[in-house]
$ cat target02.tsv   # TSV, C-alpha atoms
chain	number	residue	atom	x	y	z
A	964	MET	CA	0.00	0.00	0.00
A	965	GLY	CA	1.35	3.45	-0.92
A	966	LEU	CA	1.68	6.48	1.34
A	967	PHE	CA	-1.45	8.14	-0.06
A	968	GLU	CA	-3.53	5.01	0.54
A	969	LYS	CA	-2.12	4.73	4.06
A	970	LEU	CA	-3.04	8.33	4.86
A	971	THR	CA	-6.49	7.88	3.31
A	972	SER	CA	-7.14	4.72	5.33
A	973	GLU	CA	-6.45	6.56	8.58
A	974	PHE	CA	-9.45	8.79	7.90
A	975	VAL	CA	-11.76	5.91	6.94
A	976	ASP	CA	-13.92	5.09	9.96
A	977	ILE	CA	-16.62	2.88	8.36
A	978	ILE	CA	-16.25	-0.90	8.47
A	979	GLU	CA	-18.69	-2.77	6.22
A	980	TRP	CA	-18.88	-5.45	3.53
A	981	LEU	CA	-21.05	-5.59	0.42
A	982	ASP	CA	-20.92	-9.05	-1.22
A	983	GLN	CA	-21.23	-9.05	-5.02
A	984	SER	CA	-20.21	-12.68	-5.56
A	985	ASN	CA	-23.18	-14.60	-4.08
A	986	ASP	CA	-20.85	-17.50	-3.24
A	987	THR	CA	-18.61	-16.01	-0.53
A	988	ILE	CA	-18.99	-17.41	2.97
A	989	ALA	CA	-16.37	-15.34	4.84
A	990	TYR	CA	-14.45	-12.14	4.01
A	991	ARG	CA	-11.66	-10.43	5.96
A	992	PHE	CA	-12.03	-6.65	6.03
A	993	GLU	CA	-8.84	-5.10	4.66
A	994	ARG	CA	-7.28	-2.18	6.57
A	995	PHE	CA	-3.71	-0.92	6.49
A	996	GLN	CA	-1.87	-2.87	9.15
A	997	ASN	CA	-5.33	-3.81	10.50
A	998	GLU	CA	-5.60	-0.46	12.30
A	999	ILE	CA	-9.11	0.42	13.44
A	1000	LYS	CA	-10.08	3.69	15.11
A	1001	MET	CA	-11.98	3.63	18.33
A	1002	GLY	CA	-15.31	5.27	17.51
A	1003	ALA	CA	-15.40	3.84	13.99
A	1004	LYS	CA	-18.75	2.80	12.56
A	1005	LEU	CA	-19.32	-0.92	12.09
A	1006	THR	CA	-22.23	-1.87	9.83
A	1007	VAL	CA	-23.41	-5.49	9.85
A	1008	ARG	CA	-26.21	-5.98	7.35
A	1009	PRO	CA	-29.05	-8.54	7.48
A	1010	GLY	CA	-27.68	-11.96	6.60
A	1011	GLN	CA	-24.23	-11.11	8.03
A	1012	LYS	CA	-22.24	-11.48	11.22
A	1013	ALA	CA	-18.91	-9.86	12.10
A	1014	VAL	CA	-16.13	-11.31	14.26
A	1015	PHE	CA	-13.12	-9.44	15.63
A	1016	VAL	CA	-9.82	-11.32	15.96
A	1017	ASN	CA	-6.90	-10.06	18.04
A	1018	GLU	CA	-3.46	-11.68	17.76
A	1019	GLY	CA	-4.91	-15.07	16.86
A	1020	GLN	CA	-7.67	-15.00	19.47
A	1021	VAL	CA	-11.36	-14.63	18.62
A	1022	ALA	CA	-12.73	-11.62	20.43
A	1023	ASP	CA	-16.15	-10.00	19.99
A	1024	ALA	CA	-18.90	-11.04	17.57
A	1025	PHE	CA	-21.59	-8.70	16.23
A	1026	ASP	CA	-25.08	-9.50	14.93
A	1027	PRO	CA	-26.79	-7.37	12.23
A	1028	GLY	CA	-26.92	-3.69	13.16
A	1029	MET	CA	-24.86	-0.46	13.22
A	1030	TYR	CA	-22.31	-0.05	15.99
A	1031	THR	CA	-20.00	2.72	17.16
A	1032	LEU	CA	-16.94	0.85	18.34
A	1033	SER	CA	-16.07	1.55	21.94
A	1034	THR	CA	-14.82	-0.27	24.99
A	1035	GLN	CA	-18.45	-0.78	26.03
A	1036	ASN	CA	-19.48	-2.92	23.02
A	1037	MET	CA	-16.12	-4.70	22.69
A	1038	PRO	CA	-15.69	-6.13	26.20
A	1039	ILE	CA	-13.61	-9.14	25.18
A	1040	LEU	CA	-11.28	-7.18	22.92
A	1041	SER	CA	-10.93	-4.45	25.53
A	1042	THR	CA	-9.92	-7.05	28.11
A	1043	LEU	CA	-7.41	-8.70	25.73
A	1044	LYS	CA	-5.89	-5.33	24.84
A	1045	GLY	CA	-6.09	-3.88	28.33
A	1046	PHE	CA	-7.88	-0.80	27.01
A	1047	PRO	CA	-8.53	1.82	29.68
A	1048	TYR	CA	-12.01	3.24	29.96
A	1049	GLY	CA	-12.53	5.96	27.40
A	1050	PHE	CA	-9.65	4.66	25.25
A	1051	ASN	CA	-9.74	6.61	22.00
A	1052	SER	CA	-6.62	5.65	20.04
A	1053	PRO	CA	-6.46	3.35	17.00
A	1054	PHE	CA	-5.99	-0.33	17.72
A	1055	LYS	CA	-5.09	-3.36	15.63
A	1056	ALA	CA	-7.60	-6.15	15.02
A	1057	GLU	CA	-8.82	-8.27	12.14
A	1058	VAL	CA	-12.50	-8.12	11.22
A	1059	TYR	CA	-14.14	-11.10	9.48
A	1060	PHE	CA	-17.58	-10.80	7.93
A	1061	PHE	CA	-19.65	-13.98	7.56
A	1062	ASN	CA	-22.52	-14.46	5.12
A	1063	THR	CA	-25.35	-16.13	7.08
A	1064	LYS	CA	-27.87	-16.31	4.23
A	1065	ILE	CA	-29.01	-19.70	2.90
A	1066	PHE	CA	-26.88	-20.87	-0.04
A	1067	THR	CA	-29.30	-22.80	-2.25
A	1068	ASN	CA	-29.23	-25.16	-5.24
A	1069	LEU	CA	-25.91	-26.79	-4.33
A	1070	LYS	CA	-25.45	-30.05	-6.21
A	1071	TRP	CA	-24.65	-33.53	-4.93
A	1072	GLY	CA	-24.50	-36.88	-6.72
A	1073	THR	CA	-22.89	-40.29	-6.74
A	1074	SER	CA	-19.68	-40.24	-8.78
A	1075	ASN	CA	-19.74	-44.06	-8.91
A	1076	PRO	CA	-22.66	-46.53	-8.73
A	1077	ILE	CA	-23.65	-47.89	-5.32
A	1078	ALA	CA	-24.27	-51.66	-5.19
A	1079	ILE	CA	-27.23	-52.55	-2.96
A	1080	ASN	CA	-29.68	-55.39	-2.56
A	1081	VAL	CA	-33.17	-54.41	-3.78
A	1082	PRO	CA	-35.89	-56.94	-2.81
A	1083	ASP	CA	-38.27	-56.44	-5.74
A	1084	LEU	CA	-35.42	-56.70	-8.28
A	1085	GLY	CA	-34.32	-60.03	-6.90
A	1086	GLY	CA	-30.71	-59.24	-6.04
A	1087	THR	CA	-27.89	-56.72	-6.06
A	1088	VAL	CA	-28.06	-53.82	-8.50
A	1089	ARG	CA	-25.92	-50.72	-9.09
A	1090	ILE	CA	-27.76	-47.49	-8.33
A	1091	ARG	CA	-26.91	-43.86	-9.04
A	1092	ALA	CA	-28.56	-40.80	-7.50
A	1093	TYR	CA	-28.34	-37.01	-7.53
A	1094	GLY	CA	-30.07	-33.99	-6.03
A	1095	THR	CA	-29.55	-30.61	-4.35
A	1096	TYR	CA	-28.97	-29.26	-0.87
A	1097	SER	CA	-28.68	-25.90	0.88
A	1098	MET	CA	-26.43	-24.69	3.68
A	1099	ARG	CA	-25.92	-21.68	5.91
A	1100	VAL	CA	-23.45	-20.47	8.52
A	1101	GLN	CA	-24.76	-21.21	12.00
A	1102	ASP	CA	-21.72	-20.56	14.22
A	1103	PRO	CA	-19.24	-18.08	12.66
A	1104	VAL	CA	-16.71	-18.45	15.47
A	1105	ARG	CA	-16.49	-22.23	15.07
A	1106	LEU	CA	-16.30	-21.91	11.27
A	1107	LEU	CA	-13.49	-19.34	11.63
A	1108	GLU	CA	-11.52	-21.55	14.01
A	1109	ASP	CA	-11.99	-24.85	12.16
A	1110	LEU	CA	-12.01	-23.93	8.46
A	1111	VAL	CA	-11.48	-20.27	7.57
A	1112	SER	CA	-8.41	-19.62	9.72
A	1113	THR	CA	-6.43	-16.86	7.96
A	1114	ASP	CA	-8.20	-17.21	4.59
A	1115	GLY	CA	-9.22	-13.70	3.58
A	1116	LEU	CA	-11.84	-14.93	1.07
A	1117	PHE	CA	-13.52	-18.22	1.97
A	1118	GLN	CA	-15.99	-19.38	-0.70
A	1119	ILE	CA	-18.46	-22.22	-1.16
A	1120	ASP	CA	-16.24	-24.36	-3.37
A	1121	GLU	CA	-13.71	-24.64	-0.54
A	1122	ILE	CA	-16.13	-26.70	1.54
A	1123	SER	CA	-18.74	-28.00	-0.91
A	1124	ASP	CA	-16.67	-31.06	-1.90
A	1125	GLN	CA	-16.32	-32.12	1.73
A	1126	ILE	CA	-20.03	-31.68	2.40
A	1127	ARG	CA	-20.91	-33.52	-0.84
A	1128	ASN	CA	-18.75	-36.49	0.17
A	1129	MET	CA	-20.40	-36.64	3.59
A	1130	LEU	CA	-23.86	-36.48	2.00
A	1131	VAL	CA	-23.12	-39.28	-0.47
A	1132	SER	CA	-21.71	-41.46	2.32
A	1133	SER	CA	-24.80	-40.87	4.46
A	1134	PHE	CA	-27.05	-41.52	1.45
A	1135	ALA	CA	-25.30	-44.84	0.71
A	1136	THR	CA	-25.72	-45.92	4.35
A	1137	TRP	CA	-29.42	-45.09	4.30
A	1138	LEU	CA	-29.85	-46.81	0.94
A	1139	GLY	CA	-28.30	-50.03	2.20
A	1140	GLN	CA	-30.38	-50.04	5.39
A	1141	SER	CA	-33.73	-48.88	4.04
A	1142	GLY	CA	-34.91	-52.26	2.69
A	1143	LEU	CA	-37.26	-50.42	0.31
A	1144	ASN	CA	-38.39	-51.87	-2.97
A	1145	PHE	CA	-37.19	-49.89	-5.97
A	1146	ALA	CA	-40.82	-49.15	-6.90
A	1147	ASP	CA	-41.22	-47.37	-3.53
A	1148	PHE	CA	-38.19	-45.08	-3.80
A	1149	ALA	CA	-39.97	-42.21	-5.58
A	1150	ALA	CA	-42.78	-42.10	-3.01
A	1151	ASN	CA	-40.17	-41.70	-0.24
A	1152	TYR	CA	-37.84	-39.08	-1.76
A	1153	ARG	CA	-38.93	-36.30	0.64
A	1154	ALA	CA	-39.01	-38.43	3.80
A	1155	SER	CA	-35.72	-40.11	2.88
A	1156	GLY	CA	-34.05	-36.74	2.29
A	1157	ASP	CA	-35.14	-35.53	5.74
A	1158	THR	CA	-33.86	-38.75	7.33
A	1159	ILE	CA	-30.46	-38.42	5.66
A	1160	ARG	CA	-30.19	-34.72	6.55
A	1161	ASN	CA	-31.00	-35.38	10.21
A	1162	ALA	CA	-28.46	-38.21	10.33
A	1163	ILE	CA	-25.62	-36.03	9.06
A	1164	GLN	CA	-26.59	-32.73	10.72
A	1165	ALA	CA	-24.49	-33.24	13.85
A	1166	ASP	CA	-21.34	-33.89	11.78
A	1167	ILE	CA	-21.95	-30.83	9.61
A	1168	GLU	CA	-22.56	-28.58	12.62
A	1169	GLU	CA	-19.05	-29.35	13.88
A	1170	PHE	CA	-17.90	-26.94	11.16
A	1171	GLY	CA	-20.33	-24.24	12.29
A	1172	ILE	CA	-22.62	-24.95	9.32
A	1173	THR	CA	-26.15	-26.34	9.12
A	1174	LEU	CA	-28.11	-27.95	6.28
A	1175	PRO	CA	-31.65	-26.52	6.00
A	1176	HIS	CA	-32.56	-28.78	3.05
A	1177	PHE	CA	-31.45	-32.01	1.42
A	1178	LEU	CA	-33.39	-33.13	-1.66
A	1179	ILE	CA	-33.24	-36.34	-3.68
A	1180	GLU	CA	-34.16	-35.61	-7.30
A	1181	ASN	CA	-33.55	-39.00	-8.90
A	1182	ILE	CA	-32.46	-42.56	-8.12
A	1183	SER	CA	-31.71	-44.51	-11.29
A	1184	LEU	CA	-30.74	-48.02	-12.40
A	1185	PRO	CA	-28.28	-49.07	-15.13
A	1186	PRO	CA	-29.80	-48.75	-18.64
A	1187	GLU	CA	-29.85	-52.53	-19.21
A	1188	VAL	CA	-31.79	-53.08	-15.97
A	1189	GLU	CA	-34.27	-50.34	-16.89
A	1190	LYS	CA	-34.87	-52.00	-20.27
A	1191	ALA	CA	-35.46	-55.37	-18.58
A	1192	LEU	CA	-37.97	-53.75	-16.23
A	1193	ASP	CA	-39.75	-52.15	-19.18
A	1194	ARG	CA	-40.00	-55.51	-20.95
A	1195	ARG	CA	-41.32	-57.18	-17.81
A	1196	ALA	CA	-43.90	-54.43	-17.38
A	1197	SER	CA	-45.01	-54.83	-21.00
A	1198	ILE	CA	-45.49	-58.57	-20.53
A	1199	ASN	CA	-47.42	-57.99	-17.29
A	1200	VAL	CA	-49.73	-55.56	-19.08
A	1201	LEU	CA	-50.38	-58.04	-21.89
A	1202	GLY	CA	-50.88	-60.86	-19.38
A	1203	ASN	CA	-51.05	-63.85	-21.76
A	1204	MET	CA	-47.64	-64.87	-23.12
A	1205	GLN	CA	-49.13	-66.70	-26.10
A	1206	GLU	CA	-51.08	-63.63	-27.09
A	1207	TYR	CA	-47.94	-61.56	-26.66
A	1208	THR	CA	-46.02	-63.88	-29.00
A	1209	GLN	CA	-48.80	-63.72	-31.57
A	1210	TYR	CA	-48.91	-59.96	-31.29
A	1211	GLN	CA	-45.14	-59.66	-31.82
A	1212	ALA	CA	-45.26	-62.10	-34.76
A	1213	ALA	CA	-48.10	-60.19	-36.42
A	1214	ASN	CA	-46.22	-56.88	-36.06
A	1215	ALA	CA	-43.05	-58.41	-37.49
A	1216	ILE	CA	-44.95	-59.85	-40.49
A	1217	GLU	CA	-46.55	-56.50	-41.19
A	1218	ALA	CA	-43.20	-54.69	-40.94
A	1219	SER	CA	-41.64	-57.20	-43.32
A	1220	ALA	CA	-44.52	-56.85	-45.80
A	1221	GLU	CA	-44.09	-53.07	-45.81
A	1222	ASN	CA	-40.44	-53.48	-46.84
A	1223	PRO	CA	-40.54	-55.13	-50.32
A	1224	ASN	CA	-36.75	-54.81	-50.73
A	1225	GLY	CA	-36.13	-57.18	-47.86
A	1226	GLY	CA	-36.22	-56.57	-44.14
A	1227	ASN	CA	-34.23	-57.93	-41.28
A	1228	GLN	CA	-33.52	-61.56	-42.17
A	1229	ALA	CA	-32.85	-62.54	-38.57
A	1230	VAL	CA	-36.21	-61.13	-37.48
A	1231	GLU	CA	-38.04	-62.81	-40.35
A	1232	LEU	CA	-36.34	-66.13	-39.56
A	1233	GLY	CA	-37.37	-65.85	-35.92
A	1234	VAL	CA	-40.93	-64.98	-36.85
A	1235	GLY	CA	-41.04	-67.87	-39.33
A	1236	LEU	CA	-39.83	-70.31	-36.71
A	1237	ALA	CA	-42.37	-69.02	-34.20
A	1238	MET	CA	-45.19	-69.21	-36.72
A	1239	GLY	CA	-44.07	-72.70	-37.81
A	1240	GLN	CA	-44.13	-73.90	-34.23
A	1241	GLN	CA	-47.62	-72.48	-33.76
A	1242	ILE	CA	-48.82	-74.22	-36.97
A	1243	VAL	CA	-47.32	-77.55	-35.84
A	1244	ASN	CA	-49.00	-77.17	-32.47
A	1245	ALA	CA	-52.31	-76.44	-34.16
A	1246	MET	CA	-51.98	-79.47	-36.52
A	1247	GLN	CA	-51.11	-81.75	-33.63
A	1248	GLY	CA	-54.18	-80.50	-31.82
A	1249	ASN	CA	-56.35	-81.16	-34.90
A	1250	MET	CA	-54.92	-84.67	-35.40
A	1251	ALA	CA	-55.53	-85.47	-31.79
A	1252	THR	CA	-59.12	-84.31	-32.22
A	1253	ALA	CA	-59.61	-86.30	-35.46
A	1254	GLN	CA	-58.49	-89.67	-34.01
A	1255	PRO	CA	-61.52	-91.80	-33.11
A	1256	ALA	CA	-61.94	-92.43	-29.45
A	1257	PRO	CA	-62.14	-96.09	-28.32
A	1258	ALA	CA	-65.61	-97.48	-27.73
A	1259	GLN	CA	-66.79	-97.06	-24.21
A	1260	PRO	CA	-69.50	-99.03	-22.45
A	1261	PRO	CA	-72.73	-97.18	-21.94
A	1262	ALA	CA	-72.51	-94.93	-18.97
A	1263	VAL	CA	-74.87	-95.70	-16.17
A	1264	ALA	CA	-74.82	-92.16	-14.86
A	1265	VAL	CA	-74.36	-88.87	-16.66
A	1266	GLY	CA	-70.80	-87.62	-16.13
A	1267	ALA	CA	-69.38	-84.12	-16.21
A	1268	PRO	CA	-69.77	-82.28	-19.57
A	1269	PRO	CA	-66.67	-81.95	-21.77
A	1270	PRO	CA	-64.70	-78.70	-21.63
A	1271	PRO	CA	-66.00	-75.88	-23.84
A	1272	MET	CA	-64.68	-75.64	-27.37
A	1273	THR	CA	-61.99	-73.05	-27.89
A	1274	GLN	CA	-62.89	-70.28	-30.29
A	1275	THR	CA	-60.63	-69.17	-33.11
A	1276	GLN	CA	-58.91	-65.87	-32.31
A	1277	TRP	CA	-58.71	-63.37	-35.20
A	1278	TYR	CA	-56.71	-60.17	-35.71
A	1279	ILE	CA	-57.69	-57.31	-38.00
A	1280	THR	CA	-55.19	-54.84	-39.48
A	1281	ARG	CA	-56.47	-51.38	-40.32
A	1282	ASP	CA	-54.80	-47.99	-40.87
A	1283	GLY	CA	-51.39	-49.36	-39.94
A	1284	GLN	CA	-52.59	-50.80	-36.60
A	1285	ASN	CA	-53.51	-54.29	-35.44
A	1286	PHE	CA	-56.69	-54.99	-33.49
A	1287	GLY	CA	-57.69	-58.13	-31.68
A	1288	PRO	CA	-57.88	-60.86	-30.77
A	1289	PHE	CA	-61.60	-61.30	-31.62
A	1290	ALA	CA	-63.82	-64.37	-31.75
A	1291	THR	CA	-65.44	-65.09	-35.12
A	1292	ASN	CA	-68.80	-63.77	-33.98
A	1293	GLN	CA	-67.14	-60.49	-32.86
A	1294	LEU	CA	-65.50	-59.59	-36.16
A	1295	LEU	CA	-68.40	-57.73	-37.78
A	1296	ALA	CA	-68.95	-55.67	-34.64
A	1297	ASN	CA	-65.31	-54.61	-34.78
A	1298	GLY	CA	-65.39	-53.28	-38.32
A	1299	LEU	CA	-64.78	-56.38	-40.47
A	1300	THR	CA	-65.58	-55.96	-44.16
A	1301	PRO	CA	-64.96	-58.29	-47.12
A	1302	GLN	CA	-61.96	-56.11	-48.01
A	1303	SER	CA	-60.41	-56.24	-44.48
A	1304	TYR	CA	-57.15	-58.08	-43.99
A	1305	VAL	CA	-57.22	-60.64	-41.18
A	1306	TRP	CA	-54.92	-63.21	-39.58
A	1307	ARG	CA	-55.30	-66.14	-37.21
A	1308	ASN	CA	-53.08	-68.84	-35.89
A	1309	GLY	CA	-52.56	-71.35	-38.69
A	1310	ILE	CA	-52.56	-69.12	-41.78
A	1311	SER	CA	-49.52	-67.47	-43.31
A	1312	GLY	CA	-49.59	-63.71	-43.54
A	1313	TRP	CA	-52.51	-61.35	-43.73
A	1314	GLN	CA	-55.40	-62.53	-45.92
A	1315	GLN	CA	-58.37	-60.63	-47.30
A	1316	ALA	CA	-61.48	-61.69	-45.43
A	1317	ALA	CA	-63.50	-62.31	-48.60
A	1318	THR	CA	-60.97	-64.99	-49.69
A	1319	LEU	CA	-61.37	-67.14	-46.58
A	1320	PRO	CA	-64.21	-69.71	-46.79
A	1321	GLU	CA	-64.63	-69.83	-43.04
A	1322	LEU	CA	-65.57	-66.12	-43.02
A	1323	ALA	CA	-67.73	-66.18	-46.15
A	1324	SER	CA	-70.85	-66.91	-44.11
A	1325	LEU	CA	-70.45	-63.58	-42.33
A	1326	PHE	CA	-71.09	-61.59	-45.51
A	1327	PRO	CA	-74.43	-61.55	-47.38
A	1328	ALA	CA	-74.32	-63.28	-50.74
A	1329	SER	CA	-74.48	-61.01	-53.76
A	1330	PRO	CA	-77.64	-61.59	-55.92
A	1331	PRO	CA	-77.14	-62.88	-59.48
A	1332	PRO	CA	-77.29	-60.35	-62.32
A	1333	PRO	CA	-80.78	-59.38	-63.48
A	1334	MET	CA	-82.44	-61.55	-66.11
A	1335	ALA	CA	-82.49	-60.24	-69.62
A	1336	GLN	CA	-85.96	-59.22	-70.80
$ encode --input "target02.tsv" --output "structure tokens"
Amino acid sequence: MGLFEKLTSEFVDIIEWLDQSNDTIAYRFERFQNEIKMGAKLTVRPGQKAVFVNEGQVADAFDPGMYTLSTQNMPILSTLKGFPYGFNSPFKAEVYFFNTKIFTNLKWGTSNPIAINVPDLGGTVRIRAYGTYSMRVQDPVRLLEDLVSTDGLFQIDEISDQIRNMLVSSFATWLGQSGLNFADFAANYRASGDTIRNAIQADIEEFGITLPHFLIENISLPPEVEKALDRRASINVLGNMQEYTQYQAANAIEASAENPNGGNQAVELGVGLAMGQQIVNAMQGNMATAQPAPAQPPAVAVGAPPPPMTQTQWYITRDGQNFGPFATNQLLANGLTPQSYVWRNGISGWQQAATLPELASLFPASPPPPMAQ
């Protein structure tokens, strides 16, 4: 500092701090050789606290307000310095301002997956998670002694990594002990966040800091596990595996028919094999039905009736979508016309309804041409 600045500083008697950074936790007020005049004005704004330090010892702390520095409102510093009553000369002390507002939208997340046992997934899976938290200075003196020390500009990034690591560790402990099904995680985000925050609060407060909020935004599975869950959910929605197979085969046939230049040969081979197996099963069922049953002696008493006959299940394709399955007597009610394309187990590809004898009875016969007069 030059001579002019030194002389100017001796006439400055206002001690204050205006934070323009929005991420500063503590700031040391700069004065030439730390000289402060007795009678100087100290301004501590809302969301701030000020702490005086003398020769390495924390002295007086000030809450928001405007103060005229005197031996009356600096009892600790006056005792340390041995100031006489009415002392009016400059004295040396460091002044630290602390930002006590809530710092919001701070990020946390798992840098590596956490392996846990999830009951409804049937074993150990790797889980990732992320969210936000907020923090504020609760005890400036403890924060000054434990973390700030002689740092003249202490900002969030100097402590956020440590807090983030503590949060992830606490989250992993809760995750392993919760015993929740994965399907129940989302419903417990808020309660789980409060539980984790309360569990770690005592450790955080050792630094003079508190966590007002801890939020879980997302808990996710590896992509391959998510795909498996989606497939399982699709099958559960469809319910009947045979119907699901038929549905997939019909979609694959339609996609192949729409690609005259040749589609995916592996898909077509798989569909052909599936359809062939279904045709063989149907033929075996028909042959078993056609074989004559051995003669039985007349029954003395009427037995239980035979099981009901299974109805043929039909699918209709219309406007690029498949509908069904429908029983034969339900086709007309679901928009069947002689020009509709239909499919059932046992026929190859989509066929026009008018070309199938078994559906001919559903359509009225056309009258012959009029007789010539």
$ atom_distance --input "target02.tsv" --atom1 "atom CA of A:Phe1170" --atom2 "atom CA of A:Leu1110"
7.1 Å
$ atom_distance --input "target02.tsv" --atom1 "atom CA of A:Gly1094" --atom2 "atom CA of A:Ile1065"
16.9 Å
$ atom_distance --input "target02.tsv" --atom1 "atom CA of A:Ala1162" --atom2 "atom CA of A:Leu1184"
24.9 Å
$ closest_residue --input "target02.tsv" --among "A:Gly1115, A:Gly1019, A:Pro1269, A:Pro1082" --to "A:Tyr1059" --atoms "all atoms listed in the file"
A:Gly1115
$ residues_around --input "target02.tsv" --residues "A:Asp1026" --least-positions-apart "5" --cutoff "7 Å" --atoms "all atoms listed in the file" --output "ChimeraX atom specification"
/A:1007,1012-1013
$ closest_residue --input "target02.tsv" --among "A:Phe1148, A:Phe1066, A:Trp1313, A:Phe1134" --to "A:Asn1214" --atoms "only C-alpha atoms"
A:Trp1313
$ residues_around --input "target02.tsv" --residues "A:Phe1025" --least-positions-apart "3" --cutoff "10 Å" --atoms "only C-alpha atoms" --output "list in words"
Leu1005, Thr1006, Val1007, Gln1011, Lys1012, Ala1013, Val1014, Phe1015, Gly1028, Met1029, Tyr1030, Asn1036, Met1037 and Phe1060 of chain A
$ residues_around --input "target02.tsv" --residues "A:Ile1179" --least-positions-apart "4" --cutoff "10 Å" --atoms "only C-alpha atoms" --output "JSON, numbers by chain"
{"A": [1071, 1072, 1092, 1093, 1094, 1095, 1096, 1134, 1149, 1151, 1152, 1153, 1154, 1155, 1156, 1157, 1159]}
$ closest_residue --input "target02.tsv" --among "A:Gly1002, A:Pro1268, A:Gly1171, A:Gly1139" --to "A:Phe1061" --atoms "only C-alpha atoms"
A:Gly1171
$ residues_around --input "target02.tsv" --residues "A:Gln1293" --least-positions-apart "2" --cutoff "12 Å" --atoms "all atoms listed in the file" --output "JSON, numbers by chain"
{"A": [1274, 1275, 1276, 1277, 1278, 1279, 1286, 1287, 1288, 1289, 1290, 1291, 1295, 1296, 1297, 1298, 1299, 1322, 1325]}
$ write_last_selection --input "target02.tsv" --atoms "C-alpha atoms" --output "tab-separated table (two decimals), keeping the file's coordinate frame"
chain	number	residue	atom	x	y	z
A	1274	GLN	CA	-62.89	-70.28	-30.29
A	1275	THR	CA	-60.63	-69.17	-33.11
A	1276	GLN	CA	-58.91	-65.87	-32.31
A	1277	TRP	CA	-58.71	-63.37	-35.20
A	1278	TYR	CA	-56.71	-60.17	-35.71
A	1279	ILE	CA	-57.69	-57.31	-38.00
A	1286	PHE	CA	-56.69	-54.99	-33.49
A	1287	GLY	CA	-57.69	-58.13	-31.68
A	1288	PRO	CA	-57.88	-60.86	-30.77
A	1289	PHE	CA	-61.60	-61.30	-31.62
A	1290	ALA	CA	-63.82	-64.37	-31.75
A	1291	THR	CA	-65.44	-65.09	-35.12
A	1295	LEU	CA	-68.40	-57.73	-37.78
A	1296	ALA	CA	-68.95	-55.67	-34.64
A	1297	ASN	CA	-65.31	-54.61	-34.78
A	1298	GLY	CA	-65.39	-53.28	-38.32
A	1299	LEU	CA	-64.78	-56.38	-40.47
A	1322	LEU	CA	-65.57	-66.12	-43.02
A	1325	LEU	CA	-70.45	-63.58	-42.33
$ decode --input "target02.tsv" --residues "stretch 987-1000 of chain A" --atoms "N, CA and C atoms" --output "PDB file, in the first residue's frame"
ATOM      1  N   THR A 987     -19.632 -16.215  -1.554  1.00  0.00           N
ATOM      2  CA  THR A 987     -18.615 -16.008  -0.526  1.00  0.00           C
ATOM      3  C   THR A 987     -19.210 -16.264   0.846  1.00  0.00           C
ATOM      4  N   ILE A 988     -18.520 -17.090   1.618  1.00  0.00           N
ATOM      5  CA  ILE A 988     -18.990 -17.413   2.971  1.00  0.00           C
ATOM      6  C   ILE A 988     -18.368 -16.462   3.994  1.00  0.00           C
ATOM      7  N   ALA A 989     -17.062 -16.205   3.874  1.00  0.00           N
ATOM      8  CA  ALA A 989     -16.375 -15.338   4.841  1.00  0.00           C
ATOM      9  C   ALA A 989     -15.425 -14.397   4.096  1.00  0.00           C
ATOM     10  N   TYR A 990     -15.304 -13.161   4.629  1.00  0.00           N
ATOM     11  CA  TYR A 990     -14.448 -12.141   4.015  1.00  0.00           C
ATOM     12  C   TYR A 990     -13.748 -11.371   5.129  1.00  0.00           C
ATOM     13  N   ARG A 991     -12.431 -11.211   4.983  1.00  0.00           N
ATOM     14  CA  ARG A 991     -11.662 -10.427   5.963  1.00  0.00           C
ATOM     15  C   ARG A 991     -11.573  -8.976   5.506  1.00  0.00           C
ATOM     16  N   PHE A 992     -12.038  -8.069   6.350  1.00  0.00           N
ATOM     17  CA  PHE A 992     -12.029  -6.647   6.026  1.00  0.00           C
ATOM     18  C   PHE A 992     -10.585  -6.157   5.987  1.00  0.00           C
ATOM     19  N   GLU A 993     -10.222  -5.529   4.863  1.00  0.00           N
ATOM     20  CA  GLU A 993      -8.839  -5.102   4.662  1.00  0.00           C
ATOM     21  C   GLU A 993      -8.645  -3.677   5.155  1.00  0.00           C
ATOM     22  N   ARG A 994      -7.727  -3.498   6.098  1.00  0.00           N
ATOM     23  CA  ARG A 994      -7.282  -2.180   6.571  1.00  0.00           C
ATOM     24  C   ARG A 994      -5.764  -2.163   6.636  1.00  0.00           C
ATOM     25  N   PHE A 995      -5.176  -1.021   6.439  1.00  0.00           N
ATOM     26  CA  PHE A 995      -3.713  -0.918   6.488  1.00  0.00           C
ATOM     27  C   PHE A 995      -3.213  -1.303   7.870  1.00  0.00           C
ATOM     28  N   GLN A 996      -2.412  -2.331   7.907  1.00  0.00           N
ATOM     29  CA  GLN A 996      -1.872  -2.870   9.155  1.00  0.00           C
ATOM     30  C   GLN A 996      -2.958  -3.177  10.171  1.00  0.00           C
ATOM     31  N   ASN A 997      -4.190  -3.440   9.647  1.00  0.00           N
ATOM     32  CA  ASN A 997      -5.329  -3.810  10.496  1.00  0.00           C
ATOM     33  C   ASN A 997      -5.639  -2.755  11.562  1.00  0.00           C
ATOM     34  N   GLU A 998      -5.326  -1.502  11.309  1.00  0.00           N
ATOM     35  CA  GLU A 998      -5.597  -0.457  12.301  1.00  0.00           C
ATOM     36  C   GLU A 998      -7.049  -0.009  12.208  1.00  0.00           C
ATOM     37  N   ILE A 999      -7.704   0.021  13.344  1.00  0.00           N
ATOM     38  CA  ILE A 999      -9.105   0.423  13.445  1.00  0.00           C
ATOM     39  C   ILE A 999      -9.211   1.520  14.495  1.00  0.00           C
ATOM     40  N   LYS A1000      -9.917   2.589  14.167  1.00  0.00           N
ATOM     41  CA  LYS A1000     -10.080   3.686  15.113  1.00  0.00           C
ATOM     42  C   LYS A1000     -11.178   3.375  16.114  1.00  0.00           C
TER      43      LYS A1000
END
